[in-house]
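For reference, the structure discussed in these notes is given below.
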Amino acid sequence: MIRVLVALFMIGATSVSADTLRLAVTTSFQNSGLADVLLPEIAADTGISVQLLVVGTGQALRLGEAGDVDAILVHARAAEEAFVAQGFGTHRREIMYNDFVLVGPSDDPAAIADAQTVRAAMISIATTEAAFVSRGDDSGTHKKEISLWDAASITPDGGWYRSVGTGMGAALNTASAMSAYILTDRASWLNFGNKRDLAMLFVGDPALFNQYAFIPVNPSRHAHVRHAQASILEEWLSSGKAKTLINGYRIDGEAVFTFNAE
Amino acid sequence: MGEIWEGLIAGFWLVVSLDADLVEVTLRSLQVTLTAVVIASAIGLPFGAWLAIRRFRHRRATIALLNALMGLPPVVVGLIVYLLLSRSGPFGVFNLLFTPTAMIIAQVIIITPLIASIAHQAIRDIWADYHDLLISLSTSKIQRIKTLLWDGRRALITASLAGFGRAIGEVGAIMIVGGNIDNATRVLTTAIALETGKGDFALALGLGFVLIGLAVAVNLAIHAIGQTESEGKW
Amino acid sequence: MVTPILPLTMSSAVVKRRGQTLLGPVDLDISAQGFTIVMGPNGAGKTKLLRALHGIERLAAGKVTWQVPVGDTQDRQAFVFQAPIMLRRSVRDNLAYPLRLRGVAKSEAFARAADWAQRVGLGDALDRSAPRLSGGEKQKLALARALIGEPDILFLDEPCANLDGRATREIEAILKDAQAGGTRIVMATHDMGQARRLAEDIVFLMHGQVIERGPAQAFFAGPQTPQARALLQGDIVE
């Protein structure tokens, strides 16, 4: 019996092998499916097996602060800069961007499809008190949503505003079930399988720009982090090969990400 | 209704095609949960029996606490284990976070009180029944415990199976401490949560049916073993 | 030759529960031979007396003395409870249990179990689950399990209280056989007929005290105390 236990523990212990790297990423990145394209290529080119921890931006930053991951790839600029400023990360490297979109019921009660700016669209949703689902989980998407309400000088409140406190997929499921408006990234939306009555209604405002950045966790804070591997990964993510793969990634024939690493 | 049907079909195809990912995730679910059940049973069953037989000062309080611990919210257990195993936590040096071992630890904490509590109730009932006879036969303490554990083995197996049922279907704690890493710590429940998040209900449901089937199969297998071991029919 | 454990002497024995005296003080001798019936109304202390003699009741005062140290008597006495206690095992395993406790090899224990099952009419029931037997079968099994260790003395606490006539007759036959085989028997009952059929001597208890003690014939012919007289006349005695 003891031997069986030891054997089972050994299996558990071997899962962290030499050339692995733990990368905390946001749900929106994972749901886009881009990781499925990039990770095998990374493994083939660099020999690094990247283990993805799919969490919200808030938790990704916490994992980095605690030294539980080797690097993070998120999209919440202010929080990222604070993270680096506090010394948790060595630096912030912009890799690519996609955009946020406003999704809602196809009959569009708030008529946001006709809005000129995202600010006008947000005001229209608030004034018609059309149901709106908020991530409410301190994620990058949630932070983006809050900044949009702030820009429109609106404090969202009342029965129409539903803060669900979950990841992108679960929030989309809720919006789908309630026929509510929701802010989501384009990739998550295109890959979402339970659209029902929802449609993509408003896109294209520069304010909906969604920059992804790569931040290696600071080895002077946490000596055990795999900083060398993180540097190799960063180099690969900003390489010409990554550019081709990222720009060439399509969901239903639509490009989702734009490579912009320098 | 249509989605449930699609889920059944998806589950069916996953199983008959022996989908490589499914096999891997299923085996990991079994590995993590069975290890946790073995450890939790090794702790919980003797502890439950000991509680039933021994009289000591804070026995009632201990039993009340044990029963309360049965309702431990897995998410809270997960969070505490996460904080303990985190690189910044007290056990960070062992580098256990986001490994199957971390998931086993969380599950052991969740199911040990459940197993101990059910074992305690079962052994207590048998002890009340046997007490006079075992005293009259002037049995030693060891003989008593052996007799009680043997004659209570069905109830004890049930206790372990209850622990298995709770652990195999658990998602909150192992999501936090395991991280749902593909090829490393992804198990059936976290895979279901992931596919639900992607809105792929058919696949999520398919995995769900595989999970249910697995739980049923393990239960049946253990009951079958119990039958062949027993002498006579009960 | 093994040292006999009897006679047995109880002196000034008292059993208390939560400050209340349930038995005693009792002085009682149990001779080496015979069949003693303990009589008395419900609550008189019959069960407590038997348990105290057997050594499974804590004495608040007094003592029980055997001819050898009490530790050496434990394998040589046996007890049958009013409600038979069935191990959740087969009839065979129940019968073999006391032997297995004493380290008797499994094959021999099973052979003796089969023999005893035959003797008490459970020969066909060896593989049945003991808790699923009928009331009469359970008590016969309990009796066989008590006798399988060939005890020097057997205590029985109203073993036939819940049984019908036929089962009672079977139990009584087994007891007479056991007595003939040399086992000393001390049995509580409040069945007057059973007492008359089996008793060689009588211990009459009331309110935790031995009221009357003597040979059965003399007791039934001319009881000394008004309570015993009342009992024999069929009056209600409290």
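Letters A, B, ... go to the chains of the structure tokens in the order shown; residues in each chain start at 1; ligands are counted from 1 in the same order.
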
Exercise. Looking only at the backbone, which of the residues in segment 7-256 of chain A does DSSP tag as strand (DSSP E or B), as number ranges by chain?
Worked result: A: 20-26, 49-55, 71-74, 89, 93-105, 132-134, 161-163, 181-185, 198-202, 209-217, 250-251, 254-255

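The protein and nucleic acid residues lying at most 7 Å from Thr26 of chain A are Gln30, Val54, Val55, Gly56, Thr57 and Val74 of chain A, with only C-alpha atoms considered and sequence neighbours fewer than 4 positions away removed.
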
For this session: Show which residues sit within 6 Å of segment 6-8 of chain B, as a list in words. Count only C-alpha atoms, and ignore same-chain residues fewer than 4 positions away.
Result: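 Returned residues: Ala202, Leu205 and Gly206 of chain B.
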
Please list as a CSV table (one decimal) with all heavy atoms, in the first residue's frame every residue within 12 Å of Asp114 of chain A, counting only C-alpha atoms and excluding residues in the same chain fewer than 6 positions away.
```csv
chain,number,residue,atom,x,y,z
A,108,ASP,N,-31.5,44.6,-30.7
A,108,ASP,CA,-30.8,45.8,-30.3
A,108,ASP,C,-31.7,46.9,-29.7
A,108,ASP,O,-31.9,48.0,-30.3
A,108,ASP,CB,-30.1,46.4,-31.6
A,108,ASP,CG,-29.0,47.4,-31.2
A,108,ASP,OD1,-28.7,47.6,-30.0
A,108,ASP,OD2,-28.5,48.1,-32.1
A,120,ALA,N,-21.2,56.9,-27.0
A,120,ALA,CA,-22.6,57.1,-27.3
A,120,ALA,C,-23.3,55.7,-27.1
A,120,ALA,O,-24.5,55.7,-26.6
A,120,ALA,CB,-22.8,57.5,-28.7
A,121,ALA,N,-22.7,54.6,-27.4
A,121,ALA,CA,-23.3,53.3,-27.3
A,121,ALA,C,-23.6,53.0,-25.8
A,121,ALA,O,-24.6,52.5,-25.4
A,121,ALA,CB,-22.5,52.2,-27.9
A,124,SER,N,-26.4,55.1,-24.4
A,124,SER,CA,-27.7,54.6,-24.9
A,124,SER,C,-28.1,53.4,-24.1
A,124,SER,O,-29.3,53.3,-23.8
A,124,SER,CB,-27.5,54.2,-26.4
A,124,SER,OG,-28.7,53.6,-26.9
A,201,LEU,N,-22.6,44.0,-32.2
A,201,LEU,CA,-23.4,45.1,-32.6
A,201,LEU,C,-22.5,46.4,-32.8
A,201,LEU,O,-22.8,47.2,-33.7
A,201,LEU,CB,-24.5,45.4,-31.6
A,201,LEU,CG,-25.5,44.3,-31.4
A,201,LEU,CD1,-26.5,44.6,-30.3
A,201,LEU,CD2,-26.3,44.2,-32.7
A,202,PHE,N,-21.5,46.5,-32.0
A,202,PHE,CA,-20.7,47.7,-32.1
A,202,PHE,C,-19.2,47.4,-32.1
A,202,PHE,O,-18.7,46.7,-31.2
A,202,PHE,CB,-21.0,48.7,-31.0
A,202,PHE,CG,-20.3,50.0,-31.2
A,202,PHE,CD1,-20.8,51.1,-31.9
A,202,PHE,CD2,-19.0,50.2,-30.6
A,202,PHE,CE1,-20.1,52.3,-32.1
A,202,PHE,CE2,-18.3,51.4,-30.7
A,202,PHE,CZ,-18.8,52.4,-31.5
A,203,VAL,N,-18.4,47.8,-33.1
A,203,VAL,CA,-17.0,47.6,-33.2
A,203,VAL,C,-16.3,48.8,-33.8
A,203,VAL,O,-17.0,49.7,-34.3
A,203,VAL,CB,-16.7,46.4,-34.1
A,203,VAL,CG1,-17.3,45.1,-33.6
A,203,VAL,CG2,-17.1,46.6,-35.5
```

Exercise. For chain A, which residues have at least one atom within 6 Å of chain B, if we go by only C-alpha atoms? Write them as a list in words, please.
Worked result: Gly12, Gln51, Leu52, Leu53, Ala66, Gly67, Asp68, Gly169, Ala170, Phe192, Gly193 and Asn194 of chain A

Please produce a file of the residues just selected, as a compact mmCIF listing (two decimals), in the first residue's frame, where the atoms kept are all heavy atoms.
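Written file, part_10.txt:
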```txt
# COMPACT_ATOMS: atom_id res chain seq x y z
N GLY A 12 2.87 12.39 -9.56
CA GLY A 12 2.51 13.78 -9.32
C GLY A 12 3.72 14.69 -9.37
O GLY A 12 3.66 15.78 -9.91
N GLN A 51 3.29 25.91 -19.73
CA GLN A 51 2.08 25.52 -19.00
C GLN A 51 1.25 26.76 -18.77
O GLN A 51 1.67 27.69 -18.08
CB GLN A 51 2.45 24.88 -17.67
CG GLN A 51 3.23 23.58 -17.84
CD GLN A 51 3.33 22.81 -16.55
OE1 GLN A 51 3.28 23.39 -15.48
NE2 GLN A 51 3.46 21.50 -16.64
N LEU A 52 0.04 26.77 -19.33
CA LEU A 52 -0.81 27.95 -19.22
C LEU A 52 -1.67 27.87 -17.97
O LEU A 52 -2.32 26.87 -17.71
CB LEU A 52 -1.72 28.06 -20.43
CG LEU A 52 -1.08 28.42 -21.77
CD1 LEU A 52 -2.17 28.63 -22.81
CD2 LEU A 52 -0.23 29.69 -21.64
N LEU A 53 -1.68 28.95 -17.20
CA LEU A 53 -2.64 29.09 -16.11
C LEU A 53 -3.63 30.13 -16.55
O LEU A 53 -3.30 31.32 -16.66
CB LEU A 53 -1.93 29.49 -14.83
CG LEU A 53 -1.25 28.25 -14.25
CD1 LEU A 53 0.12 28.53 -13.78
CD2 LEU A 53 -2.13 27.65 -13.19
N ALA A 66 3.34 36.53 -6.28
CA ALA A 66 3.71 35.47 -5.34
C ALA A 66 4.85 34.61 -5.88
O ALA A 66 5.39 33.79 -5.16
CB ALA A 66 2.49 34.61 -5.04
N GLY A 67 5.18 34.79 -7.15
CA GLY A 67 6.23 33.95 -7.74
C GLY A 67 5.75 32.57 -8.12
O GLY A 67 6.54 31.66 -8.28
N ASP A 68 4.43 32.40 -8.26
CA ASP A 68 3.89 31.09 -8.61
C ASP A 68 3.90 30.84 -10.11
O ASP A 68 3.62 29.73 -10.56
CB ASP A 68 2.47 30.94 -8.06
CG ASP A 68 2.49 30.85 -6.53
OD1 ASP A 68 3.44 30.27 -6.00
OD2 ASP A 68 1.57 31.37 -5.90
N GLY A 169 -16.21 33.34 -20.58
CA GLY A 169 -17.13 32.36 -21.12
C GLY A 169 -18.42 32.29 -20.31
O GLY A 169 -19.52 32.31 -20.86
N ALA A 170 -18.28 32.23 -19.00
CA ALA A 170 -19.46 32.14 -18.15
C ALA A 170 -20.30 33.40 -18.26
O ALA A 170 -21.54 33.35 -18.29
CB ALA A 170 -19.04 31.91 -16.70
N PHE A 192 -16.97 31.68 -29.24
CA PHE A 192 -18.01 31.30 -28.30
C PHE A 192 -19.07 30.44 -29.00
O PHE A 192 -19.54 30.78 -30.09
CB PHE A 192 -18.64 32.57 -27.70
CG PHE A 192 -19.65 32.28 -26.64
CD1 PHE A 192 -19.28 31.62 -25.47
CD2 PHE A 192 -20.96 32.69 -26.80
CE1 PHE A 192 -20.22 31.37 -24.49
CE2 PHE A 192 -21.90 32.43 -25.82
CZ PHE A 192 -21.53 31.77 -24.66
N GLY A 193 -19.44 29.35 -28.37
CA GLY A 193 -20.30 28.38 -29.04
C GLY A 193 -21.78 28.48 -28.72
O GLY A 193 -22.57 27.71 -29.21
N ASN A 194 -22.17 29.41 -27.87
CA ASN A 194 -23.55 29.42 -27.37
C ASN A 194 -24.18 30.79 -27.64
O ASN A 194 -24.78 31.41 -26.79
CB ASN A 194 -23.52 29.12 -25.87
CG ASN A 194 -24.91 29.06 -25.25
OD1 ASN A 194 -25.86 28.64 -25.89
ND2 ASN A 194 -25.02 29.51 -24.01
```

For this session: Return as JSON, numbers by chain the residues belonging to chain B that are within 12 Å of chain C, counting only C-alpha atoms.
Result: {"B": [125, 126, 127, 128, 129, 130, 131, 132, 133, 134, 135, 136, 137, 138, 139, 140, 141, 142, 143, 144, 146, 147, 148, 149, 150, 151, 152, 153, 154, 155, 230, 231, 232, 233, 234]}

Exercise. Excluding same-chain residues fewer than 5 positions from Asn191 of chain A, what lies within 9 Å of it counting only C-alpha atoms, as a PyMOL selection string?
Worked result: (chain A and resi 31-33+186+251-252) or (chain B and resi 198-199)
